[in-house]
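Trainee: Coordinates in final24.cif, mmCIF, C-alpha atoms, are listed below.
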```
data_model
loop_
_atom_site.label_atom_id
_atom_site.label_comp_id
_atom_site.auth_asym_id
_atom_site.auth_seq_id
_atom_site.Cartn_x
_atom_site.Cartn_y
_atom_site.Cartn_z
CA MET L 1 3.27 1.55 -7.86
CA PRO L 2 1.26 0.38 -10.86
CA ARG L 3 -2.35 -0.53 -10.16
CA SER L 4 -1.71 -4.03 -11.52
CA PRO L 5 -0.90 -6.59 -10.27
CA PHE L 6 -2.28 -7.13 -6.76
CA LEU L 7 0.70 -8.40 -4.79
CA LEU L 8 1.16 -10.21 -1.52
CA LEU L 9 4.35 -8.67 -0.15
CA ALA L 10 6.23 -10.88 2.27
CA TRP L 11 6.29 -8.16 4.93
CA ALA L 12 2.48 -8.34 5.02
CA PHE L 13 2.95 -11.86 6.33
CA LEU L 14 5.27 -10.88 9.18
CA PRO L 15 2.58 -9.78 11.70
CA VAL L 16 1.10 -13.26 11.32
CA PHE L 17 4.49 -14.93 11.60
CA SER L 18 5.38 -12.97 14.73
CA LEU L 19 2.43 -14.27 16.72
CA SER L 20 3.09 -17.05 19.20
CA TRP L 21 0.67 -19.82 18.38
CA SER L 22 -0.68 -21.94 21.22
CA SER L 23 -1.53 -25.61 20.78
CA PRO L 24 -4.13 -25.95 18.03
CA LEU L 25 -7.72 -26.61 18.93
CA GLN L 26 -9.20 -30.02 18.36
CA ALA L 27 -9.15 -30.78 14.66
CA GLN L 28 -12.39 -30.95 12.73
CA GLU L 29 -13.06 -32.91 9.60
CA ASP L 30 -12.18 -30.90 6.50
CA PRO L 31 -14.00 -31.85 3.30
CA TYR L 32 -11.23 -30.25 1.21
CA ALA L 33 -8.25 -31.82 2.98
CA ILE L 34 -5.25 -32.93 0.92
CA PRO L 35 -1.88 -34.19 2.17
CA MET L 36 0.55 -31.41 3.09
CA GLU L 37 3.64 -31.22 0.91
CA ASP L 38 6.95 -32.59 2.09
CA GLU L 39 9.41 -29.85 3.09
CA ASP L 40 12.29 -31.92 1.69
CA GLU L 41 10.91 -31.93 -1.83
CA GLY L 42 11.33 -29.18 -4.41
CA GLY L 43 8.86 -26.37 -5.11
CA LEU L 44 5.33 -26.92 -6.31
CA THR L 45 4.78 -28.18 -9.81
CA GLN L 46 2.01 -26.75 -11.97
CA GLU L 47 -0.08 -29.85 -11.24
CA GLU L 48 0.44 -29.48 -7.48
CA LEU L 49 -0.46 -25.79 -7.64
CA GLU L 50 -3.66 -26.60 -9.51
CA ALA L 51 -4.49 -29.26 -6.90
CA LYS L 52 -4.01 -26.66 -4.15
CA ALA L 53 -6.25 -24.23 -6.02
CA GLU L 54 -9.02 -26.83 -6.20
CA VAL L 55 -8.86 -27.07 -2.41
CA ILE L 56 -8.50 -23.37 -1.60
CA LEU L 57 -10.98 -21.89 -4.10
CA PRO L 58 -14.08 -23.37 -2.41
CA ARG L 59 -12.76 -22.46 1.03
CA VAL L 60 -12.34 -18.83 -0.03
CA ALA L 61 -15.87 -18.75 -1.46
CA GLN L 62 -17.28 -20.36 1.69
CA MET L 63 -15.49 -17.98 4.05
CA ARG L 64 -16.47 -14.88 2.04
CA GLY L 65 -19.99 -16.12 1.35
CA TRP L 66 -19.79 -15.28 -2.36
CA ALA L 67 -19.99 -17.85 -5.13
CA TRP L 68 -17.39 -17.96 -7.89
CA LYS L 69 -18.70 -16.62 -11.20
CA LYS L 70 -15.98 -18.25 -13.30
CA PRO L 71 -12.83 -20.37 -12.89
CA VAL L 72 -9.51 -18.76 -11.91
CA PRO L 73 -6.41 -20.04 -13.75
CA VAL L 74 -3.20 -20.40 -11.71
CA GLY L 75 0.48 -20.57 -12.65
CA ILE L 76 4.02 -20.42 -11.30
CA THR L 77 6.43 -17.63 -12.21
CA THR L 78 10.06 -16.89 -11.35
CA PRO L 79 11.42 -13.65 -9.85
CA ASP L 80 13.02 -12.75 -13.20
CA GLU L 81 9.74 -13.28 -15.04
CA PHE L 82 7.91 -11.21 -12.45
CA ILE L 83 10.38 -8.33 -12.67
CA GLU L 84 10.04 -8.31 -16.46
CA PHE L 85 6.27 -8.17 -16.04
CA ALA L 86 6.47 -5.45 -13.35
CA SER L 87 8.84 -3.36 -15.50
CA LYS L 88 6.35 -3.49 -18.35
CA SER L 89 3.56 -2.50 -15.94
CA PHE L 90 5.57 0.51 -14.74
CA ALA L 91 6.21 1.61 -18.32
CA GLU L 92 2.55 1.29 -19.29
CA GLU L 93 1.23 2.97 -16.14
CA TYR L 94 3.68 5.86 -15.88
CA GLY L 95 5.93 6.31 -18.89
CA SER L 96 9.45 7.70 -18.69
CA GLU L 97 8.43 11.38 -18.31
CA ARG L 98 5.98 10.65 -15.48
CA LEU L 99 8.55 8.51 -13.66
CA ALA L 100 11.14 11.27 -13.98
CA GLY L 101 8.65 13.79 -12.63
CA LEU L 102 7.69 11.53 -9.75
CA THR L 103 11.36 11.07 -8.88
CA SER L 104 11.88 14.86 -8.83
CA SER L 105 8.86 15.28 -6.56
CA TYR L 106 10.02 12.67 -4.07
CA VAL L 107 13.53 14.14 -3.94
CA LEU L 108 12.15 17.63 -3.28
CA LEU L 109 9.85 16.26 -0.55
CA GLY L 110 12.76 14.43 1.07
CA PHE L 111 11.14 11.02 0.52
CA MET L 112 14.15 9.73 -1.43
CA GLU L 113 17.79 10.70 -1.91
CA PRO L 114 18.96 12.49 -5.08
CA GLY L 115 20.31 10.06 -7.64
CA LEU L 116 18.10 7.21 -6.51
CA ASP L 117 16.19 5.54 -9.35
CA PHE L 118 12.53 5.34 -8.29
CA GLN L 119 11.56 2.51 -10.63
CA GLN L 120 14.67 0.43 -9.96
CA THR L 121 14.29 0.93 -6.21
CA MET L 122 10.74 -0.37 -6.38
CA LEU L 123 11.67 -3.33 -8.57
CA ASP L 124 14.61 -4.33 -6.35
CA MET L 125 12.32 -4.27 -3.34
CA LEU L 126 9.56 -6.25 -5.03
CA ARG L 127 11.98 -8.95 -6.21
CA SER L 128 12.68 -10.07 -2.65
CA GLN L 129 9.26 -9.36 -1.18
CA VAL L 130 6.56 -10.61 -3.52
CA GLY L 131 5.13 -14.01 -2.62
CA GLY L 132 2.43 -14.16 -5.26
CA TYR L 133 0.13 -11.93 -7.25
CA TYR L 134 -3.21 -11.72 -8.96
CA ASP L 135 -3.26 -9.99 -12.34
CA PRO L 136 -6.72 -8.48 -13.00
CA ASP L 137 -5.84 -7.90 -16.66
CA THR L 138 -5.67 -11.66 -17.24
CA ALA L 139 -7.75 -12.69 -14.18
CA LYS L 140 -4.99 -15.17 -13.30
CA PHE L 141 -3.11 -15.98 -10.07
CA TYR L 142 0.66 -16.48 -10.10
CA MET L 143 2.68 -18.09 -7.31
CA MET L 144 6.31 -17.03 -7.09
CA SER L 145 8.63 -20.02 -7.45
CA THR L 146 10.57 -18.85 -4.37
CA PHE L 147 7.49 -18.73 -2.10
CA ASN L 148 5.64 -21.94 -2.87
CA LYS L 149 6.39 -24.21 0.07
CA GLY L 150 4.43 -25.20 3.16
CA SER L 151 1.59 -23.31 4.83
CA MET L 152 2.83 -19.98 3.50
CA ALA L 153 1.84 -21.08 -0.01
CA ASP L 154 -1.71 -21.72 1.20
CA TYR L 155 -1.87 -18.33 2.90
CA ILE L 156 -0.59 -16.55 -0.21
CA MET L 157 -3.14 -18.34 -2.39
CA ALA L 158 -6.05 -17.58 -0.06
CA HIS L 159 -5.11 -13.88 -0.03
CA GLU L 160 -4.64 -13.60 -3.78
CA LEU L 161 -7.67 -15.71 -4.69
CA CYS L 162 -9.73 -13.35 -2.54
CA HIS L 163 -8.57 -10.60 -4.91
CA ALA L 164 -9.83 -12.73 -7.78
CA LEU L 165 -13.21 -13.18 -6.09
CA ASP L 166 -13.51 -9.46 -5.32
CA ASP L 167 -12.56 -8.71 -8.93
CA GLN L 168 -15.35 -10.89 -10.28
CA TYR L 169 -17.88 -8.84 -8.34
CA PHE L 170 -16.44 -5.33 -8.35
CA ASP L 171 -13.87 -4.94 -11.20
CA LEU L 172 -10.71 -3.92 -9.36
CA ASN L 173 -9.17 -2.20 -12.38
CA ALA L 174 -12.20 0.08 -12.67
CA LEU L 175 -11.80 1.11 -9.03
CA PHE L 176 -8.20 2.16 -9.64
CA ASP L 177 -9.05 3.86 -12.93
CA ALA L 178 -11.46 6.11 -11.02
CA ALA L 179 -8.63 7.12 -8.65
CA LYS L 180 -5.91 7.54 -11.28
CA GLY L 181 -3.82 10.69 -10.93
CA ASN L 182 -4.47 11.03 -7.19
CA SER L 183 -2.01 8.90 -5.22
CA ASP L 184 -3.78 9.53 -1.93
CA ARG L 185 -7.06 8.24 -3.34
CA GLU L 186 -5.25 5.31 -4.97
CA PHE L 187 -3.80 4.47 -1.55
CA ALA L 188 -7.30 4.42 -0.06
CA VAL L 189 -8.56 2.12 -2.82
CA ARG L 190 -5.57 -0.18 -2.34
CA CYS L 191 -6.41 -0.34 1.37
CA VAL L 192 -9.87 -1.57 0.41
CA ALA L 193 -8.49 -4.25 -1.91
CA GLU L 194 -5.63 -5.39 0.33
CA GLY L 195 -7.67 -5.03 3.50
CA SER L 196 -10.33 -7.35 2.09
CA ALA L 197 -7.78 -9.95 1.00
CA SER L 198 -5.71 -9.66 4.19
CA SER L 199 -8.79 -10.14 6.34
CA LEU L 200 -9.79 -13.30 4.53
CA GLY L 201 -6.22 -14.59 4.36
CA ASN L 202 -5.75 -14.12 8.10
CA LEU L 203 -9.05 -15.82 8.90
CA TYR L 204 -8.08 -18.64 6.55
CA LEU L 205 -4.78 -19.07 8.35
CA MET L 206 -6.31 -18.99 11.82
CA ARG L 207 -8.96 -21.52 10.92
CA GLY L 208 -6.44 -23.72 9.11
CA ILE L 209 -4.13 -23.90 12.11
CA GLN L 210 -6.99 -24.48 14.56
CA GLU L 211 -8.43 -27.28 12.45
CA GLN L 212 -5.00 -28.65 11.49
CA TRP L 213 -5.17 -28.37 7.74
CA LEU L 214 -2.28 -25.91 8.05
CA ASP L 215 0.92 -26.32 10.06
CA SER L 216 2.08 -23.20 11.95
CA SER L 217 5.62 -24.56 12.18
CA ASP L 218 6.34 -24.11 8.46
CA LEU L 219 4.96 -20.61 7.91
CA MET L 220 8.34 -18.93 7.43
CA ASP L 221 11.87 -19.66 8.61
CA ALA L 222 14.19 -17.26 10.41
CA ASP L 223 16.62 -17.04 7.48
CA MET L 224 13.81 -15.90 5.18
CA VAL L 225 12.68 -13.26 7.65
CA SER L 226 16.25 -11.99 8.07
CA ALA L 227 16.76 -11.76 4.30
CA MET L 228 13.49 -9.88 3.80
CA MET L 229 14.17 -7.40 6.56
CA GLY L 230 17.68 -6.82 5.23
CA SER L 231 16.31 -5.90 1.81
CA MET L 232 13.74 -3.56 3.35
CA GLU L 233 16.41 -1.57 5.17
CA GLN L 234 17.70 -0.42 1.76
CA VAL L 235 14.34 1.09 0.82
CA PRO L 236 13.30 4.67 1.77
CA PRO L 237 10.77 4.58 4.65
CA PHE L 238 8.11 6.36 2.58
CA PHE L 239 7.99 3.45 0.12
CA VAL L 240 7.82 0.82 2.86
CA ILE L 241 5.07 2.65 4.73
CA SER L 242 2.90 3.45 1.69
CA LEU L 243 3.13 -0.13 0.42
CA ALA L 244 2.82 -1.97 3.75
CA LEU L 245 -0.03 -0.03 5.35
CA PRO L 246 -2.75 -1.21 2.91
CA TYR L 247 -2.28 -4.74 4.27
CA ILE L 248 -2.29 -3.64 7.91
CA ASP L 249 -4.42 -0.51 8.19
CA GLY L 250 -6.52 -1.83 5.33
CA ASN L 251 -7.38 -4.86 7.45
CA THR L 252 -8.21 -2.62 10.40
CA PHE L 253 -10.41 -0.46 8.16
CA VAL L 254 -12.28 -3.44 6.69
CA VAL L 255 -13.11 -5.11 10.00
CA ARG L 256 -13.61 -1.81 11.87
CA GLU L 257 -11.24 -3.06 14.58
CA THR L 258 -9.51 -0.15 16.29
CA SER L 259 -7.84 -2.28 18.97
CA ALA L 260 -4.06 -2.65 18.86
CA ASN L 261 -4.60 -6.37 19.48
CA VAL L 262 -3.41 -8.04 16.28
CA MET L 263 -5.03 -11.34 17.22
CA ALA L 264 -8.42 -9.67 17.74
CA MET L 265 -8.16 -8.03 14.34
CA MET L 266 -7.29 -11.33 12.67
CA MET L 267 -10.20 -13.16 14.28
CA LYS L 268 -12.84 -10.65 13.26
CA THR L 269 -14.95 -11.28 10.16
CA PRO L 270 -15.96 -8.18 8.16
CA ALA L 271 -19.67 -7.64 7.69
CA ASP L 272 -20.93 -8.54 4.23
CA ALA L 273 -22.76 -5.22 3.93
CA ASP L 274 -19.55 -3.34 4.82
CA LEU L 275 -17.55 -5.20 2.17
CA LYS L 276 -20.09 -4.44 -0.53
CA HIS L 277 -20.40 -0.80 0.51
CA MET L 278 -16.65 -0.09 0.51
CA PHE L 279 -16.17 -1.67 -2.92
CA ALA L 280 -19.19 0.14 -4.36
CA GLN L 281 -18.21 3.50 -2.81
CA PRO L 282 -14.52 3.33 -1.83
CA PRO L 283 -12.89 5.77 0.59
CA THR L 284 -11.25 8.69 -1.15
CA SER L 285 -8.31 9.61 1.10
CA SER L 286 -5.71 8.21 3.46
CA GLU L 287 -7.43 10.32 6.13
CA GLN L 288 -10.47 8.05 5.92
CA ILE L 289 -8.23 4.99 6.31
CA LEU L 290 -6.26 6.39 9.25
CA HIS L 291 -9.50 7.61 10.87
CA PRO L 292 -12.11 4.99 9.81
CA GLU L 293 -14.93 6.88 11.51
CA LYS L 294 -14.50 9.61 8.88
CA TYR L 295 -15.68 7.06 6.31
CA TRP L 296 -17.95 4.64 8.20
CA ASP L 297 -19.84 7.01 10.53
CA GLU L 298 -22.39 9.22 8.81
CA ALA L 299 -22.05 11.98 11.41
CA SER L 300 -18.25 12.05 11.07
CA PHE L 301 -18.00 11.47 7.31
CA ASP L 302 -15.24 13.72 5.97
CA PRO L 303 -14.44 13.68 2.23
CA PRO L 304 -11.36 15.59 1.03
CA LEU L 305 -11.66 19.21 -0.02
CA GLU L 306 -10.92 20.18 -3.62
CA VAL L 307 -7.72 22.21 -3.84
CA LYS L 308 -7.08 24.46 -6.81
CA LEU L 309 -3.53 25.30 -7.83
CA PRO L 310 -2.70 26.96 -11.16
CA ASP L 311 -0.03 25.63 -13.52
CA VAL L 312 2.63 28.36 -13.64
CA HIS L 313 5.33 26.74 -15.76
CA ALA L 314 4.85 29.40 -18.45
CA GLN L 315 5.37 32.08 -15.83
CA LEU L 316 8.71 30.50 -14.94
CA GLY L 317 9.97 31.01 -18.48
CA ALA L 318 11.45 28.97 -21.31
CA GLY L 319 12.75 25.50 -20.54
CA TRP L 320 10.38 24.79 -17.64
CA ARG L 321 7.63 22.17 -17.74
CA LEU L 322 5.05 20.80 -15.35
CA ALA L 323 6.59 17.42 -14.50
CA ASP L 324 4.26 16.05 -11.84
CA THR L 325 1.09 16.93 -9.94
CA ASP L 326 -0.44 14.86 -7.16
CA VAL L 327 -2.01 14.68 -3.71
CA LEU L 328 -0.01 13.64 -0.63
CA GLY L 329 -2.93 13.31 1.77
CA GLU L 330 -2.73 12.99 5.53
CA LEU L 331 -0.28 10.11 5.19
CA GLY L 332 2.23 12.24 3.27
CA CYS L 333 1.78 15.10 5.73
CA ALA L 334 2.48 12.71 8.59
CA MET L 335 5.71 11.57 6.96
CA LEU L 336 6.98 15.14 7.03
CA THR L 337 5.79 16.20 10.47
CA MET L 338 5.42 13.26 12.89
CA LYS L 339 8.00 13.18 15.66
CA ASN L 340 9.31 9.69 14.91
CA VAL L 341 8.92 8.02 11.53
CA PRO L 342 8.59 4.26 12.18
CA THR L 343 11.26 1.88 10.96
CA ALA L 344 10.68 -0.78 8.33
CA MET L 345 10.60 -3.47 11.03
CA VAL L 346 7.98 -1.65 13.09
CA VAL L 347 5.82 -1.03 10.02
CA SER L 348 6.02 -4.60 8.78
CA ALA L 349 5.21 -6.00 12.23
CA GLY L 350 1.99 -4.00 12.31
CA GLY L 351 3.17 -1.67 15.07
CA ALA L 352 3.12 1.64 13.19
CA ARG L 353 0.39 4.21 13.64
CA MET L 354 0.71 7.05 11.16
CA VAL L 355 -1.79 9.26 12.96
CA ALA L 356 -0.02 12.32 14.37
CA PRO L 357 -1.38 15.53 15.91
CA ALA L 358 0.27 17.81 13.34
CA SER L 359 -1.22 15.97 10.34
CA ALA L 360 -4.65 15.21 11.79
CA GLY L 361 -7.17 17.79 10.70
CA TRP L 362 -6.04 17.48 7.06
CA GLY L 363 -8.65 18.79 4.67
CA GLY L 364 -7.04 18.48 1.25
CA ASP L 365 -3.85 19.23 -0.68
CA LEU L 366 -2.29 19.41 -4.12
CA TYR L 367 1.26 19.92 -5.35
CA ARG L 368 2.75 20.83 -8.71
CA CYS L 369 6.37 19.99 -9.49
CA TYR L 370 8.24 21.87 -12.22
CA VAL L 371 11.48 20.73 -13.86
CA HIS L 372 13.76 22.75 -16.14
CA GLU L 373 15.50 21.12 -19.08
CA ASP L 374 18.85 21.79 -17.34
CA GLY L 375 17.77 19.77 -14.27
CA ARG L 376 16.59 22.53 -11.94
CA ALA L 377 13.43 21.60 -10.04
CA MET L 378 10.89 23.28 -7.77
CA MET L 379 7.53 22.51 -6.23
CA HIS L 380 4.49 24.47 -5.03
CA TRP L 381 2.34 22.60 -2.49
CA LYS L 382 -0.97 23.89 -1.14
CA THR L 383 -2.72 22.32 1.85
CA LEU L 384 -6.12 23.06 3.41
CA TRP L 385 -7.00 22.20 7.02
CA ASP L 386 -10.22 21.68 8.97
CA THR L 387 -9.52 24.64 11.25
CA GLU L 388 -7.06 27.51 11.50
CA ALA L 389 -5.59 25.86 14.60
CA ASP L 390 -4.91 22.69 12.57
CA ALA L 391 -3.18 24.73 9.89
CA GLU L 392 -1.03 26.57 12.44
CA GLU L 393 -0.02 23.29 14.11
CA PHE L 394 0.97 21.81 10.75
CA ALA L 395 2.98 24.89 9.76
CA GLN L 396 4.85 24.84 13.07
CA ALA L 397 5.64 21.13 12.66
CA LEU L 398 6.95 21.78 9.15
CA ARG L 399 9.28 24.45 10.47
CA SER L 400 10.54 22.29 13.35
CA ARG L 401 10.73 18.88 11.67
CA GLY L 402 9.64 19.09 8.04
CA MET L 403 12.46 21.36 6.92
CA GLU L 404 14.98 18.99 8.50
CA ARG L 405 13.51 15.95 6.72
CA ALA L 406 13.10 17.82 3.46
CA PRO L 407 16.16 20.12 3.17
CA LEU L 408 14.91 21.47 -0.15
CA MET L 409 11.85 23.01 1.55
CA ARG L 410 12.45 26.75 1.24
CA ARG L 411 9.35 28.67 2.32
CA ILE L 412 6.20 28.10 4.38
CA ASP L 413 3.26 30.51 4.26
CA LEU L 414 0.33 30.32 6.69
CA GLU L 415 -2.95 32.14 6.13
CA GLY L 416 -6.15 31.08 7.85
CA ASN L 417 -6.72 27.37 7.28
CA ARG L 418 -4.26 27.30 4.36
CA VAL L 419 -0.58 26.38 4.40
CA GLU L 420 1.46 26.77 1.21
CA VAL L 421 4.97 25.39 0.86
CA TRP L 422 7.68 25.93 -1.76
CA PHE L 423 10.57 23.57 -2.49
CA ALA L 424 13.54 24.09 -4.80
CA THR L 425 16.89 22.56 -5.65
CA ASP L 426 19.86 24.78 -4.80
CA ASP L 427 20.16 26.00 -8.38
CA ALA L 428 16.46 26.89 -8.56
CA VAL L 429 16.11 28.97 -5.37
CA ALA L 430 16.31 32.24 -7.32
CA ASP L 431 13.51 31.03 -9.61
CA LEU L 432 11.11 30.94 -6.67
CA GLU L 433 11.00 34.74 -6.84
CA LEU L 434 9.10 34.39 -10.10
CA LEU L 435 6.14 32.77 -8.31
#
```
In structure tokens, write the structure found in this file.
Mentor:
Amino acid sequence: MPRSPFLLLAWAFLPVFSLSWSSPLQAQEDPYAIPMEDEDEGGLTQEELEAKAEVILPRVAQMRGWAWKKPVPVGITTPDEFIEFASKSFAEEYGSERLAGLTSSYVLLGFMEPGLDFQQTMLDMLRSQVGGYYDPDTAKFYMMSTFNKGSMADYIMAHELCHALDDQYFDLNALFDAAKGNSDREFAVRCVAEGSASSLGNLYLMRGIQEQWLDSSDLMDADMVSAMMGSMEQVPPFFVISLALPYIDGNTFVVRETSANVMAMMMKTPADADLKHMFAQPPTSSEQILHPEKYWDEASFDPPLEVKLPDVHAQLGAGWRLADTDVLGELGCAMLTMKNVPTAMVVSAGGARMVAPASAGWGGDLYRCYVHEDGRAMMHWKTLWDTEADAEEFAQALRSRGMERAPLMRRIDLEGNRVEVWFATDDAVADLELL
């Protein structure tokens, strides 16, 4: 998805919603308290949103321990206005050729069905899921008109205004610019950004309920949850997982909480030194997110290996072009080889662990996808592993599960700690002989 904006997807809120809250602790005086809005009234007006911002901005600064450098403007936008904005962001970030190449890659990998429109699939999903967003290009927060009632509005604002605060100190766009062209590294950077905001948003919510300046009874109603989950079931699992995990595993990464106890994770405050370190020197792979010790622990630090793969479109002959090149990372390898890919509900509820034996031990990878002007497509994917045993385990998992999930996978070669894989559409199988 485009680097901008920074979204709060509704499914990121579901782990919070699913918790059973006990009776709140004794309320304490809140210097920023304002009356809670009436559920029977319409959505927030611009004036009401600005009043909320005046309350939430100092709370966010206090909880993070960083002072605001400049004001943050806020506004309300509709789903149609957001989709128009997101469409423009897709066009600017990718362009039509890149989107077509990305679609071909995902079809070959079995991550999406042939004929599915990647951009439209993403936009349809975002329409029903986005609660609010922070746009680093304009340094402004937008609340969706459909998500601006009750305590959920406060939670959304706390999360997104944390993005604004992080941006003032670390320039979020610059972080993503440094990772551009490597989706696995972009995923790791997004885990940093969303993990930071999710951690603060969850702490904000917990404190608000305990001190009674938020009401747990109006977080989200059952009809809204049902509608959101229904829309998610239409989206390929790869998209749900890659977009949801930054909020969940990102939070785990930021607070260094490896427990499966969601409440414990939500109650833990990240160390200031850790926050500053991860923004200054972000993780560079999904492996480091899935195995935080490979980033945080000096003795276990494990950066990705550089993988070299030549561009052979000229060797394929006239009409072929290099359409896409990218890194899948351990997360992508897990999608192809883990025994059971989690459902959208499990992922959104924070119950998915994407660490699997066959994909652990990832060292690095790179693929190149080639498309012919007549529609034929093929891909060459090279992976490197920490040990020869890791490579053999991955190759075996590809043969037993990967080829079933990705029917266009045609050949798997294993040599030492290297596994190379070739994919091709039915009409391009003969072209593989040219490689």
Trainee: Find the distance between CA of Ala395 (chain L) and CA of Pro357 (chain L) and write it in Å to one decimal.
Mentor: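 We find that CA of Ala395 (chain L) and CA of Pro357 (chain L) lie 12.0 Å from each other.
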Trainee: Specify as a list in words each residue included when the PyMOL selection byres ((chain L and resi 137-148) around 7) is applied to this file.
Mentor: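 Going through the file, the PyMOL selection byres ((chain L and resi 137-148) around 7) ends up selecting Gly43, Leu44, Val72, Pro73, Val74, Gly75, Ile76, Thr77, Thr78, Pro79, Gly131, Gly132, Tyr133, Tyr134, Asp135, Pro136, Lys149, Gly150, Ala153, Glu160 and Ala164 of chain L.
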Trainee: Using only C-alpha atoms, which of L:Asp272, L:Asp324, L:Asp365, L:Glu84 sits nearest Ala100 (chain L)?
Mentor: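 Checking each candidate against Ala100 (chain L), we get L:Asp324 as the closest.
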Trainee: Decode the PyMOL selection byres ((chain L and resi 174) around 12) for the given file into explicit residues and return them as a ChimeraX atom specification.
Mentor: /L:3-4,136-137,167-173,175-180,186,189,279-280,282
Trainee: Just the number, please: distance in Å from CA of Arg399 (chain L) to CA of Ile412 (chain L), one decimal.
Mentor: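 Computing the Euclidean distance for CA of Arg399 (chain L) and CA of Ile412 (chain L) yields 7.7 Å.
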Trainee: Interatomic distance between CA of Ala273 (chain L) and CA of Met354 (chain L)?
Mentor: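 Going from CA of Ala273 (chain L) over to CA of Met354 (chain L), I get 27.5 Å.
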Trainee: Measuring between only C-alpha atoms, which one of L:Met379, L:Ala358, L:Val429, L:Val55 shows the shortest distance to Gln396 (chain L)?
Mentor: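 Closest to Gln396 (chain L) of all the choices is L:Ala358.
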Trainee: Given the choices L:Thr284, L:Thr325, L:Gln210, L:Thr45, which gets closest to Leu102 (chain L) if the distance is worked out from all atoms listed in the file?
Mentor: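 When distances to Leu102 (chain L) are compared using all atoms listed in the file, the smallest one comes from L:Thr325.
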Trainee: Determine the residue set returned by the PyMOL selection byres ((chain L and resi 337) around 6) for the present structure, and present it as a list in words.
Mentor: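 Here the PyMOL selection byres ((chain L and resi 337) around 6) matches Ala334, Met335, Leu336, Met338, Ala397, Leu398, Arg401 and Gly402 of chain L.
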Trainee: Using only C-alpha atoms, can you tell me which of L:Asp374, L:Asp166, L:Glu420, L:Glu293 comes closest to Lys308 (chain L)?
Mentor: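 The closest residue to Lys308 (chain L) is L:Glu420.
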Trainee: Between L:Ala271, L:Leu434, L:Met206, L:Val341, which one has atoms that come closest to Glu257 (chain L), using all atoms listed in the file?
Mentor: L:Ala271
Trainee: Counting only C-alpha atoms, note down every residue that has an atom within 12 Å of the point (0.8, 27.0, -14.8) (file coordinates), as a JSON list (two decimals) with C-alpha atoms, in the frame of the given file.
Mentor:
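Listed below is the output, part_29.json:
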```json
[["chain", "number", "residue", "atom", "x", "y", "z"],
["L", 308, "LYS", "CA", -7.08, 24.46, -6.81],
["L", 309, "LEU", "CA", -3.53, 25.30, -7.83],
["L", 310, "PRO", "CA", -2.70, 26.96, -11.16],
["L", 311, "ASP", "CA", -0.03, 25.63, -13.52],
["L", 312, "VAL", "CA", 2.63, 28.36, -13.64],
["L", 313, "HIS", "CA", 5.33, 26.74, -15.76],
["L", 314, "ALA", "CA", 4.85, 29.40, -18.45],
["L", 315, "GLN", "CA", 5.37, 32.08, -15.83],
["L", 316, "LEU", "CA", 8.71, 30.50, -14.94],
["L", 317, "GLY", "CA", 9.97, 31.01, -18.48],
["L", 320, "TRP", "CA", 10.38, 24.79, -17.64],
["L", 321, "ARG", "CA", 7.63, 22.17, -17.74],
["L", 322, "LEU", "CA", 5.05, 20.80, -15.35],
["L", 323, "ALA", "CA", 6.59, 17.42, -14.50],
["L", 324, "ASP", "CA", 4.26, 16.05, -11.84],
["L", 325, "THR", "CA", 1.09, 16.93, -9.94],
["L", 367, "TYR", "CA", 1.26, 19.92, -5.35],
["L", 368, "ARG", "CA", 2.75, 20.83, -8.71],
["L", 369, "CYS", "CA", 6.37, 19.99, -9.49],
["L", 370, "TYR", "CA", 8.24, 21.87, -12.22],
["L", 379, "MET", "CA", 7.53, 22.51, -6.23],
["L", 380, "HIS", "CA", 4.49, 24.47, -5.03],
["L", 435, "LEU", "CA", 6.14, 32.77, -8.31]]
```
Trainee: From the options L:Leu214, L:Val421, L:Leu203, L:Val327, which residue's atoms come nearest to Met378 (chain L), counting all atoms listed in the file?
Mentor: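 Residue with the minimum atom-to-atom distance to Met378 (chain L): L:Val421.
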Trainee: Skipping near chain neighbours, those fewer than 6 positions away, what residues fall within 8 Å of Ala391 (chain L) using all atoms listed in the file, listed as JSON, numbers by chain?
Mentor: {"L": [384, 385, 414, 416, 417, 418, 419]}
Trainee: Set the distance at 7 Å and use all atoms listed in the file: which residues neighbour Leu366 (chain L) once local chain neighbours fewer than 6 positions away are removed? I'd like the list as a PDB file with C-alpha atoms, keeping the file's coordinate frame.
Mentor:
```pdb
ATOM      1  CA  VAL L 307      -7.720  22.210  -3.840  1.00  0.00           C
ATOM      2  CA  ASP L 326      -0.440  14.860  -7.160  1.00  0.00           C
ATOM      3  CA  VAL L 327      -2.010  14.680  -3.710  1.00  0.00           C
ATOM      4  CA  TRP L 381       2.340  22.600  -2.490  1.00  0.00           C
ATOM      5  CA  LYS L 382      -0.970  23.890  -1.140  1.00  0.00           C
ATOM      6  CA  THR L 383      -2.720  22.320   1.850  1.00  0.00           C
TER       7      THR L 383
END
```
Trainee: Taking 5 positions as the minimum chain separation for residues in the same chain, which residues sit within 8 Å of Ala158 (chain L) when counting only C-alpha atoms? Answer as a list in words.
Mentor: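 Using only C-alpha atoms, the neighbours found are Ile56, Leu57, Val60, Ala197, Leu200, Gly201 and Tyr204 of chain L.
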Trainee: List every protein, DNA or RNA residue that has an atom no more than 8 Å from (-5.8, 7.5, 8.1) in the file's coordinate frame, counting all atoms listed in the file, and report them as a PyMOL selection string.
Mentor: chain L and resi 285-292+330-331+354-355
Trainee: Please identify all polymer residues within 10 Å of Gly375 (chain L), counting all atoms listed in the file, omitting same-chain residues fewer than 2 positions from it, and present them as a PyMOL selection string.
Mentor: chain L and resi 104+319-320+370-373+377+425+427-428
